[in-house]
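Here is coords26.txt, consisting of compact mmCIF, C-alpha atoms and all ligand atoms:
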# COMPACT_ATOMS: atom_id res chain seq x y z
CA MET A 8 143.11 125.78 -44.69
CA LYS A 9 145.16 126.40 -41.56
CA LYS A 10 145.39 123.36 -39.27
CA ARG A 11 143.58 124.00 -36.02
CA PHE A 12 143.97 122.72 -32.48
CA THR A 13 146.49 120.11 -33.62
CA ARG A 14 147.03 118.71 -30.12
CA LEU A 15 143.44 117.47 -30.02
CA PHE A 16 142.58 114.42 -32.14
CA GLY A 17 139.18 113.97 -33.79
CA ASN A 18 136.44 116.39 -32.69
CA ASN A 19 136.65 118.24 -36.01
CA MET A 20 133.33 120.06 -35.79
CA THR A 21 134.09 121.33 -32.29
CA LYS A 22 137.58 122.39 -33.34
CA ARG A 23 136.24 124.37 -36.27
CA ARG A 24 133.45 126.01 -34.28
CA LEU A 25 135.55 127.03 -31.28
CA SER A 26 138.63 128.13 -33.22
CA ASP A 27 136.37 130.32 -35.39
CA ALA A 28 134.87 131.78 -32.23
CA VAL A 29 138.29 132.63 -30.79
CA MET A 30 139.36 134.19 -34.10
CA ASN A 31 136.19 136.26 -34.37
CA LEU A 32 136.33 137.28 -30.71
CA SER A 33 132.96 135.62 -30.19
CA LEU A 34 133.93 132.87 -27.77
CA PRO A 35 131.10 132.26 -25.25
CA HIS A 36 131.85 133.39 -21.69
CA ALA A 37 130.87 130.05 -20.23
CA LEU A 38 131.58 126.66 -21.75
CA LEU A 39 130.95 123.14 -20.51
CA PHE A 40 132.99 120.25 -21.95
CA THR A 41 131.83 116.76 -21.08
CA GLY A 42 133.28 113.35 -21.82
CA PRO A 43 135.09 110.52 -20.05
CA SER A 44 138.54 110.97 -18.60
CA GLY A 45 141.04 110.92 -21.48
CA SER A 46 138.63 112.23 -24.10
CA GLY A 47 140.48 115.53 -24.56
CA LYS A 48 138.55 118.05 -22.42
CA HIS A 49 141.69 119.49 -20.85
CA THR A 50 143.53 119.55 -24.18
CA LEU A 51 140.65 121.42 -25.80
CA ALA A 52 140.61 124.05 -23.02
CA THR A 53 144.37 124.51 -23.38
CA GLU A 54 144.17 124.80 -27.17
CA ILE A 55 141.54 127.52 -26.86
CA ALA A 56 143.69 129.49 -24.43
CA ALA A 57 146.74 129.05 -26.67
CA ALA A 58 144.84 130.13 -29.78
CA ALA A 59 143.57 133.23 -28.01
CA ASN A 60 147.09 134.20 -26.99
CA CYS A 61 149.18 132.85 -29.88
CA LEU A 62 151.60 135.48 -31.19
CA MET A 63 151.76 133.85 -34.63
CA ALA A 64 148.00 133.50 -35.11
CA SER A 65 148.03 135.57 -38.29
CA ASP A 66 150.72 133.45 -39.98
CA SER A 67 148.72 131.33 -42.38
CA ALA A 68 151.58 128.88 -42.90
CA LEU A 69 151.48 127.80 -39.25
CA PRO A 70 148.84 125.80 -37.39
CA TYR A 71 146.47 127.63 -35.06
CA PRO A 72 147.70 127.93 -32.34
CA CYS A 73 151.29 127.68 -33.57
CA GLY A 74 152.54 125.75 -30.51
CA LYS A 75 155.99 127.34 -30.85
CA CYS A 76 155.71 131.00 -29.82
CA VAL A 77 156.51 132.03 -26.27
CA ASN A 78 152.82 132.30 -25.28
CA CYS A 79 151.89 128.88 -26.67
CA LYS A 80 154.87 127.33 -24.91
CA ARG A 81 154.04 128.97 -21.58
CA ILE A 82 150.45 127.77 -21.81
CA TYR A 83 151.47 124.20 -22.64
CA ASP A 84 153.97 124.30 -19.77
CA GLY A 85 151.25 125.44 -17.37
CA ASN A 86 153.10 128.69 -16.86
CA PHE A 87 150.84 131.43 -18.16
CA PRO A 88 149.11 133.89 -15.83
CA ASP A 89 145.89 134.24 -17.82
CA ILE A 90 144.80 130.64 -17.55
CA SER A 91 143.93 129.30 -14.09
CA PHE A 92 142.76 125.86 -13.07
CA LEU A 93 140.63 124.76 -10.15
CA GLY A 94 140.29 121.20 -8.93
CA LYS A 95 143.20 119.82 -10.91
CA ASP A 96 144.89 116.81 -9.29
CA SER A 97 143.57 117.85 -5.90
CA GLY A 98 142.53 114.27 -5.14
CA LYS A 99 139.62 115.64 -3.09
CA ALA A 100 136.17 114.11 -3.34
CA THR A 101 134.40 117.46 -3.77
CA ILE A 102 135.06 121.08 -4.71
CA GLY A 103 133.60 123.16 -1.90
CA VAL A 104 132.12 126.61 -1.75
CA GLU A 105 135.22 128.19 -0.14
CA GLU A 106 137.49 127.08 -2.96
CA LEU A 107 134.98 128.33 -5.46
CA ARG A 108 134.70 131.72 -3.78
CA ASP A 109 138.48 132.23 -3.85
CA PHE A 110 138.56 131.22 -7.48
CA ARG A 111 135.71 133.60 -8.26
CA GLU A 112 137.43 136.44 -6.46
CA ASN A 113 140.53 136.01 -8.61
CA MET A 114 138.43 136.55 -11.70
CA PHE A 115 137.71 140.08 -10.52
CA LEU A 116 141.04 140.93 -8.99
CA SER A 117 143.83 139.61 -11.16
CA ALA A 118 145.30 141.80 -13.85
CA SER A 119 145.62 140.28 -17.26
CA GLU A 120 148.32 140.19 -19.87
CA SER A 121 145.98 139.45 -22.72
CA GLN A 122 142.48 140.20 -23.84
CA TYR A 123 141.23 136.81 -22.68
CA LYS A 124 141.43 135.32 -19.21
CA PHE A 125 140.52 131.67 -18.81
CA TYR A 126 139.25 130.01 -15.66
CA VAL A 127 139.02 126.28 -16.01
CA ILE A 128 137.23 124.11 -13.44
CA GLU A 129 138.41 120.52 -13.77
CA ASN A 130 136.06 117.80 -12.48
CA ALA A 131 133.29 120.40 -12.30
CA ASP A 132 130.90 117.56 -11.46
CA LEU A 133 132.62 117.39 -8.06
CA MET A 134 131.38 120.86 -7.11
CA THR A 135 128.98 120.77 -4.16
CA SER A 136 125.57 122.39 -4.71
CA ALA A 137 126.70 125.35 -2.62
CA ALA A 138 129.79 125.72 -4.80
CA GLN A 139 127.68 125.53 -7.94
CA ASN A 140 125.38 128.21 -6.58
CA ALA A 141 128.38 130.39 -5.83
CA LEU A 142 129.50 129.94 -9.42
CA LEU A 143 126.08 130.83 -10.84
CA LYS A 144 126.36 134.53 -10.21
CA VAL A 145 129.64 134.86 -12.01
CA LEU A 146 128.38 132.71 -14.89
CA GLU A 147 125.53 135.18 -15.33
CA GLU A 148 127.73 138.23 -15.32
CA PRO A 149 131.37 137.33 -15.77
CA PRO A 150 133.97 140.08 -15.52
CA LYS A 151 135.07 141.54 -18.82
CA ASN A 152 137.26 139.24 -20.92
CA VAL A 153 136.82 136.31 -18.53
CA HIS A 154 135.94 132.92 -19.97
CA ILE A 155 134.92 130.12 -17.65
CA ILE A 156 135.32 126.56 -18.87
CA LEU A 157 133.83 123.67 -16.92
CA LEU A 158 135.16 120.16 -17.54
CA ALA A 159 132.99 117.26 -16.39
CA GLU A 160 132.70 113.53 -17.00
CA SER A 161 128.94 113.81 -16.94
CA VAL A 162 126.36 116.54 -16.48
CA ASP A 163 124.19 114.50 -14.08
CA LYS A 164 125.51 116.21 -10.97
CA LEU A 165 125.40 119.73 -12.34
CA LEU A 166 122.47 122.00 -11.49
CA SER A 167 120.20 122.74 -14.41
CA THR A 168 120.85 126.44 -13.83
CA ILE A 169 124.56 125.83 -14.44
CA LYS A 170 123.85 123.83 -17.59
CA SER A 171 121.52 126.47 -18.97
CA ARG A 172 124.12 129.19 -18.56
CA THR A 173 126.93 127.39 -20.35
CA GLN A 174 127.48 126.39 -23.92
CA TYR A 175 127.71 122.66 -24.02
CA VAL A 176 130.35 120.67 -25.91
CA GLN A 177 130.27 116.87 -25.85
CA MET A 178 133.69 115.37 -26.57
CA GLU A 179 133.63 112.84 -29.37
CA LEU A 180 134.36 109.16 -28.85
CA PHE A 181 136.38 107.55 -31.63
CA GLU A 182 135.17 105.04 -34.15
CA TYR A 183 137.42 101.98 -34.16
CA ASP A 184 139.23 102.79 -37.44
CA GLU A 185 139.84 106.38 -36.47
CA LEU A 186 141.16 105.30 -33.09
CA LEU A 187 143.46 102.75 -34.70
CA SER A 188 144.97 105.30 -37.08
CA SER A 189 145.35 107.95 -34.34
CA VAL A 190 147.03 105.68 -31.79
CA THR A 191 149.38 104.12 -34.33
CA GLU A 192 150.42 107.66 -35.26
CA LEU A 193 150.89 108.72 -31.64
CA SER A 194 152.35 105.64 -30.00
CA SER A 195 155.27 103.55 -31.15
CA THR A 196 153.99 100.68 -29.00
CA ALA A 197 150.73 100.73 -30.94
CA GLU A 198 152.58 100.93 -34.24
CA ALA A 199 154.71 97.90 -33.32
CA LEU A 200 151.76 95.88 -31.95
CA ASN A 201 149.83 96.55 -35.13
CA VAL A 202 152.50 94.52 -36.94
CA THR A 203 153.44 91.89 -34.35
CA ASP A 204 150.16 91.25 -32.51
CA PRO A 205 147.21 93.04 -34.13
CA GLU A 206 144.68 90.97 -32.16
CA ARG A 207 146.10 92.24 -28.87
CA LEU A 208 146.08 95.81 -30.15
CA LYS A 209 142.47 95.36 -31.16
CA ALA A 210 141.58 94.06 -27.69
CA ILE A 211 143.18 97.12 -26.10
CA LEU A 212 141.44 99.56 -28.42
CA LEU A 213 138.06 97.89 -27.87
CA ALA A 214 138.61 98.03 -24.11
CA SER A 215 139.22 101.79 -24.31
CA GLY A 216 135.61 102.39 -25.37
CA GLY A 217 136.70 104.91 -28.00
CA VAL A 218 138.48 107.16 -25.49
CA ILE A 219 141.83 108.00 -26.99
CA GLY A 220 143.54 108.96 -23.71
CA LYS A 221 142.46 105.67 -22.17
CA ALA A 222 143.75 103.71 -25.18
CA LEU A 223 147.13 105.44 -24.94
CA GLU A 224 147.30 104.83 -21.21
CA MET A 225 146.54 101.15 -21.72
CA LEU A 226 149.24 100.93 -24.36
CA GLY A 227 151.82 102.02 -21.82
CA ASP A 228 153.75 99.24 -20.14
CA GLY A 229 151.96 97.21 -17.52
CA PRO A 230 148.22 97.87 -17.68
CA THR A 231 147.72 95.37 -20.50
CA GLU A 232 147.72 92.54 -17.94
CA GLU A 233 145.04 94.44 -16.08
CA ILE A 234 143.00 94.66 -19.28
CA GLN A 235 143.38 90.95 -19.86
CA GLY A 236 142.36 90.28 -16.26
CA LYS A 237 139.26 92.39 -16.72
CA ARG A 238 138.38 90.69 -20.02
CA ASP A 239 138.76 87.29 -18.35
CA LEU A 240 136.30 88.29 -15.60
CA VAL A 241 133.82 89.51 -18.21
CA MET A 242 134.19 86.28 -20.20
CA SER A 243 133.62 83.99 -17.21
CA PHE A 244 130.55 86.00 -16.30
CA ILE A 245 129.19 85.84 -19.86
CA GLN A 246 129.89 82.11 -20.10
CA ALA A 247 127.86 81.52 -16.93
CA LEU A 248 124.78 83.20 -18.39
CA PRO A 249 123.07 80.33 -20.28
CA LYS A 250 119.99 79.05 -18.45
CA LYS A 251 121.40 75.55 -17.99
CA THR A 252 124.41 76.80 -15.96
CA PRO A 253 124.24 75.53 -12.36
CA PHE A 254 123.57 78.32 -9.86
CA SER A 255 126.84 77.63 -8.02
CA LYS A 256 128.81 78.49 -11.18
CA LEU A 257 126.82 81.63 -11.89
CA TYR A 258 127.15 82.71 -8.24
CA ALA A 259 130.92 82.12 -8.33
CA ALA A 260 131.25 84.21 -11.51
CA CYS A 261 129.36 87.07 -9.83
CA MET A 262 131.33 86.87 -6.60
CA ALA A 263 134.63 86.86 -8.56
CA LEU A 264 133.88 90.41 -9.75
CA PRO A 265 135.87 93.21 -8.09
CA THR A 266 134.67 94.42 -4.69
CA LYS A 267 135.96 97.98 -5.12
CA ARG A 268 133.12 100.11 -6.46
CA ASP A 269 135.09 101.90 -9.18
CA GLU A 270 136.57 98.67 -10.49
CA LEU A 271 133.24 96.90 -10.28
CA ARG A 272 131.52 99.69 -12.20
CA ASP A 273 134.17 99.39 -14.93
CA VAL A 274 133.71 95.63 -15.24
CA LEU A 275 129.89 95.86 -15.19
CA GLU A 276 130.03 98.48 -17.96
CA GLU A 277 132.24 96.12 -19.93
CA ILE A 278 129.78 93.25 -19.33
CA ARG A 279 127.01 95.44 -20.66
CA ILE A 280 129.01 96.13 -23.81
CA ALA A 281 129.65 92.40 -24.24
CA ILE A 282 125.94 91.55 -23.80
CA ARG A 283 125.06 94.24 -26.32
CA ASP A 284 127.41 92.52 -28.77
CA LEU A 285 125.59 89.22 -28.15
CA ILE A 286 122.22 90.87 -28.81
CA VAL A 287 123.48 92.64 -31.92
CA VAL A 288 124.95 89.46 -33.36
CA LYS A 289 121.56 87.75 -33.01
CA LEU A 290 119.91 90.57 -34.92
CA ALA A 291 122.42 90.01 -37.76
CA THR A 292 122.95 93.74 -38.33
CA ASP A 293 126.22 95.27 -39.49
CA THR A 294 126.92 96.92 -36.13
CA PRO A 295 130.62 96.42 -35.30
CA MET A 296 131.55 94.39 -32.22
CA ALA A 297 132.64 96.44 -29.23
CA PHE A 298 133.86 93.70 -26.88
CA PHE A 299 134.35 90.49 -28.83
CA LEU A 300 137.29 90.33 -31.20
CA THR A 301 135.30 88.60 -33.90
CA GLU A 302 131.64 88.08 -34.63
CA SER A 303 132.08 84.32 -34.74
CA VAL A 304 133.11 84.19 -31.06
CA ALA A 305 130.07 86.28 -30.14
CA GLU A 306 127.82 84.07 -32.28
CA GLU A 307 129.04 80.93 -30.60
CA ILE A 308 128.40 82.29 -27.11
CA SER A 309 125.06 83.84 -27.95
CA SER A 310 123.79 80.61 -29.50
CA GLY A 311 123.19 79.25 -25.96
CA MET A 312 120.79 82.08 -25.07
CA ASN A 313 117.68 83.60 -26.57
CA GLN A 314 117.30 87.29 -27.21
CA LYS A 315 114.76 87.81 -24.45
CA ARG A 316 117.12 86.36 -21.84
CA LEU A 317 119.98 88.54 -23.06
CA ILE A 318 117.86 91.69 -22.86
CA THR A 319 116.68 90.81 -19.34
CA VAL A 320 120.26 90.18 -18.19
CA TYR A 321 121.29 93.48 -19.79
CA ASP A 322 118.62 95.23 -17.69
CA ILE A 323 119.72 93.41 -14.52
CA VAL A 324 123.33 94.53 -15.05
CA THR A 325 122.15 98.08 -15.77
CA SER A 326 120.20 98.25 -12.54
CA ALA A 327 123.20 96.82 -10.63
CA ILE A 328 125.28 99.73 -11.99
CA GLU A 329 122.61 102.16 -10.80
CA ASP A 330 122.53 100.51 -7.35
CA LEU A 331 126.28 101.01 -7.06
CA ASP A 332 125.66 104.75 -6.96
CA LYS A 333 123.15 104.27 -4.16
CA ASN A 334 125.78 102.80 -1.83
CA VAL A 335 124.23 99.33 -1.73
CA VAL A 336 126.66 96.87 -0.09
CA VAL A 337 128.68 95.30 -2.90
CA ALA A 338 128.35 91.66 -1.74
CA THR A 339 124.56 92.08 -1.47
CA LEU A 340 124.43 93.64 -4.91
CA LEU A 341 126.40 90.76 -6.48
CA THR A 342 124.32 88.08 -4.75
CA ASP A 343 121.13 89.81 -5.80
CA MET A 344 122.38 89.98 -9.38
CA ALA A 345 123.13 86.23 -9.43
CA VAL A 346 119.68 85.37 -8.02
CA ARG A 347 117.87 87.62 -10.45
CA ILE A 348 119.74 86.17 -13.43
CA LYS A 349 118.99 82.63 -12.22
CA HIS A 350 115.26 83.46 -12.12
CA THR A 351 115.30 84.80 -15.65
ZN ZN B 1 151.68 130.47 -30.77
Written as structure tokens, that's how I'd like the structure from this file.
Ligand SMILES: [Zn+2]
Amino acid sequence: MKKRFTRLFGNNMTKRRLSDAVMNLSLPHALLFTGPSGSGKHTLATEIAAAANCLMASDSALPYPCGKCVNCKRIYDGNFPDISFLGKDSGKATIGVEELRDFRENMFLSASESQYKFYVIENADLMTSAAQNALLKVLEEPPKNVHIILLAESVDKLLSTIKSRTQYVQMELFEYDELLSSVTELSSTAEALNVTDPERLKAILLASGGVIGKALEMLGDGPTEEIQGKRDLVMSFIQALPKKTPFSKLYAACMALPTKRDELRDVLEEIRIAIRDLIVVKLATDTPMAFFLTESVAEEISSGMNQKRLITVYDIVTSAIEDLDKNVVVATLLTDMAVRIKHT
């Protein structure tokens, strides 16, 4: 069978379903792709646009889209009139109603070269409610041949009316083995590390949480120190968790966590993954480790704590992550977390 959407790794079911839809001219008018940054949402949108416009689509010897014809090349270069993006690299905190209205107007006004016109809203979760309401009307009755694709890290901030009018695609996260084989194929750094320092490669891949774009970014020069720094913070926190740890040590481990909200959220998520490993290892299931490099390290650390304590700490960390979204002062949040763990 023809290879499809070759620029997107994994996600085979989605690739089959959406490439069939483009081929059969049955692509939904409104799509919503969700997944973390680096999970391939933008690549998928681009592959759909390229497939719809590929001049070599009927050549069964070539992948679909071919990636080589003039249309494919223009789309990959961001130089094709029938695919427009909103919210890309704008650096703004929200997408407002004015921007949305202009974007919507273009859907009705601009002439098209092809039978499909694509309007992609990046970071659609940054749309204000007013902007989302302005989008609703056009989602209900889009102009002929217009396809609207929303890309979002999560659907939490989208109105239910938006969600109900779009076809939802959740980007796949990679299993460890699949991630390993994909990154070693894509990145020479990964290929080399796999031979010279497989433990370090494993640490990077685990830290990516199965997001291929994140793994590749981490494999670039530089950020690996950052990863190690983050792992060290998680480890000192985890090591301060046993009940016998003096409060001063636990408090210090909490206060050593980053004070910037985004960074703190990242580290707390990582801590949650590590605690889950510790719980899993106690249950002696075959679930693979997601933070610790080997089960024996996790076993050793978890031996100092019972399962009930681990689950309570997991809940405390979870509620700290939720409080971060409620604008609680970071220092208060960290102190509170230390006190609550001490009382467990
Ligand atoms: Zn092509």
Counting only C-alpha atoms and all ligand atoms, which protein, DNA or RNA residues come within 6 Å of ligand ZN 1 (chain B), given as JSON, numbers by chain? {"A": [61, 62, 63, 72, 73, 74, 75, 76, 78, 79]}
Could you please take those selected residues and save C-alpha atoms as a CSV table (one decimal), in the frame of the given file?
chain,number,residue,atom,x,y,z
A,61,CYS,CA,149.2,132.8,-29.9
A,62,LEU,CA,151.6,135.5,-31.2
A,63,MET,CA,151.8,133.8,-34.6
A,72,PRO,CA,147.7,127.9,-32.3
A,73,CYS,CA,151.3,127.7,-33.6
A,74,GLY,CA,152.5,125.8,-30.5
A,75,LYS,CA,156.0,127.3,-30.8
A,76,CYS,CA,155.7,131.0,-29.8
A,78,ASN,CA,152.8,132.3,-25.3
A,79,CYS,CA,151.9,128.9,-26.7
Quick one: residues within 8 Å of Arg279 (chain A), all atoms listed in the file, excluding same-chain residues fewer than 4 positions away - as an mmCIF file with C-alpha atoms, in the coordinates of the input?
data_model
loop_
_atom_site.group_PDB
_atom_site.id
_atom_site.type_symbol
_atom_site.label_atom_id
_atom_site.label_comp_id
_atom_site.auth_asym_id
_atom_site.auth_seq_id
_atom_site.Cartn_x
_atom_site.Cartn_y
_atom_site.Cartn_z
ATOM 1 C CA LEU A 275 129.890 95.860 -15.190
ATOM 2 C CA ARG A 283 125.060 94.240 -26.320
ATOM 3 C CA TYR A 321 121.290 93.480 -19.790
ATOM 4 C CA VAL A 324 123.330 94.530 -15.050
ATOM 5 C CA THR A 325 122.150 98.080 -15.770
#
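Every protein, DNA or RNA residue with an atom at most 8 Å from region 289-300 of chain A, where all atoms listed in the file count and chain neighbours fewer than 3 positions away do not, is listed here: A:Glu206, A:Lys209, A:Ala210, A:Leu213, A:Ala214, A:Gly216, A:Glu277, A:Ile280, A:Ala281, A:Asp284, A:Leu285, A:Ile286, A:Val304, A:Ala305, A:Glu306, A:Ser309, A:Gln314.
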Excluding region 154-165 of chain A and residues on its chain fewer than 5 positions from it, collect all residues at most 9 Å away from it, counting only C-alpha atoms, and give them as a count of residues only. 33
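Of the residues listed (A:Ile211, A:Leu166, A:Leu116, A:Ile278), A:Leu116 shows the shortest atom-to-atom separation from Pro150 (chain A); distances use only C-alpha atoms.
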Provide the CA of Cys261 (chain A) to CA of Val241 (chain A) distance in Å, to one decimal place.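 According to the coordinates, CA of Cys261 (chain A) and CA of Val241 (chain A) are separated by 9.8 Å.
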Which of these residues is nearest to Lys267 (chain A), using only C-alpha atoms: A:Val336, A:Met8, A:Glu147, A:Pro88?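 Checking each candidate against Lys267 (chain A), we get A:Val336 as the closest.
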Find the residue from A:Glu192, A:Val202, A:Glu302, A:Gly17 that sits nearest to Leu180 (chain A); use all atoms listed in the file when measuring.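 Residue with the minimum atom-to-atom distance to Leu180 (chain A): A:Gly17.
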Which residue gives the smallest distance to Ile348 (chain A) among A:Lys250, A:Arg14, A:Lys333, A:Arg108, with all atoms listed in the file counted?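 Ranking A:Lys250, A:Arg14, A:Lys333, A:Arg108 by distance to Ile348 (chain A), first place goes to A:Lys250.
Closest approach to Val153 (chain A) among A:Asp89, A:Glu276, A:Asp330, A:Asp269: A:Asp89, based on only C-alpha atoms.
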For CA of Ser91 (chain A) and CA of Lys144 (chain A), quote the distance in Å rounded to one decimal.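 Between these atoms lies a distance of 18.7 Å.
If all atoms listed in the file are the atoms counted, then among A:Val288, A:Leu15, A:Leu271, A:Met262 the closest residue to Glu329 (chain A) is A:Leu271.
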CA of Ser194 (chain A) to CA of Leu212 (chain A), distance in Å rounded to a single decimal: 12.6 Å
Would you list the contacts of Glu224 (chain A) as number ranges by chain, taking every protein, DNA or RNA residue within 12 Å and counting only C-alpha atoms, but skipping same-chain residues closer than 6 positions in sequence? A: 44-46, 190, 193-194, 196-197, 211-212, 214-215, 218, 230-231, 233-234
Could you save the residues just selected, with C-alpha atoms, as a PDB file, in the frame of the given file?
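again16.pdb, written as the output of this step:
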ATOM      1  CA  SER A  44     138.540 110.970 -18.600  1.00  0.00           C
ATOM      2  CA  GLY A  45     141.040 110.920 -21.480  1.00  0.00           C
ATOM      3  CA  SER A  46     138.630 112.230 -24.100  1.00  0.00           C
ATOM      4  CA  VAL A 190     147.030 105.680 -31.790  1.00  0.00           C
ATOM      5  CA  LEU A 193     150.890 108.720 -31.640  1.00  0.00           C
ATOM      6  CA  SER A 194     152.350 105.640 -30.000  1.00  0.00           C
ATOM      7  CA  THR A 196     153.990 100.680 -29.000  1.00  0.00           C
ATOM      8  CA  ALA A 197     150.730 100.730 -30.940  1.00  0.00           C
ATOM      9  CA  ILE A 211     143.180  97.120 -26.100  1.00  0.00           C
ATOM     10  CA  LEU A 212     141.440  99.560 -28.420  1.00  0.00           C
ATOM     11  CA  ALA A 214     138.610  98.030 -24.110  1.00  0.00           C
ATOM     12  CA  SER A 215     139.220 101.790 -24.310  1.00  0.00           C
ATOM     13  CA  VAL A 218     138.480 107.160 -25.490  1.00  0.00           C
ATOM     14  CA  PRO A 230     148.220  97.870 -17.680  1.00  0.00           C
ATOM     15  CA  THR A 231     147.720  95.370 -20.500  1.00  0.00           C
ATOM     16  CA  GLU A 233     145.040  94.440 -16.080  1.00  0.00           C
ATOM     17  CA  ILE A 234     143.000  94.660 -19.280  1.00  0.00           C
TER      18      ILE A 234
END
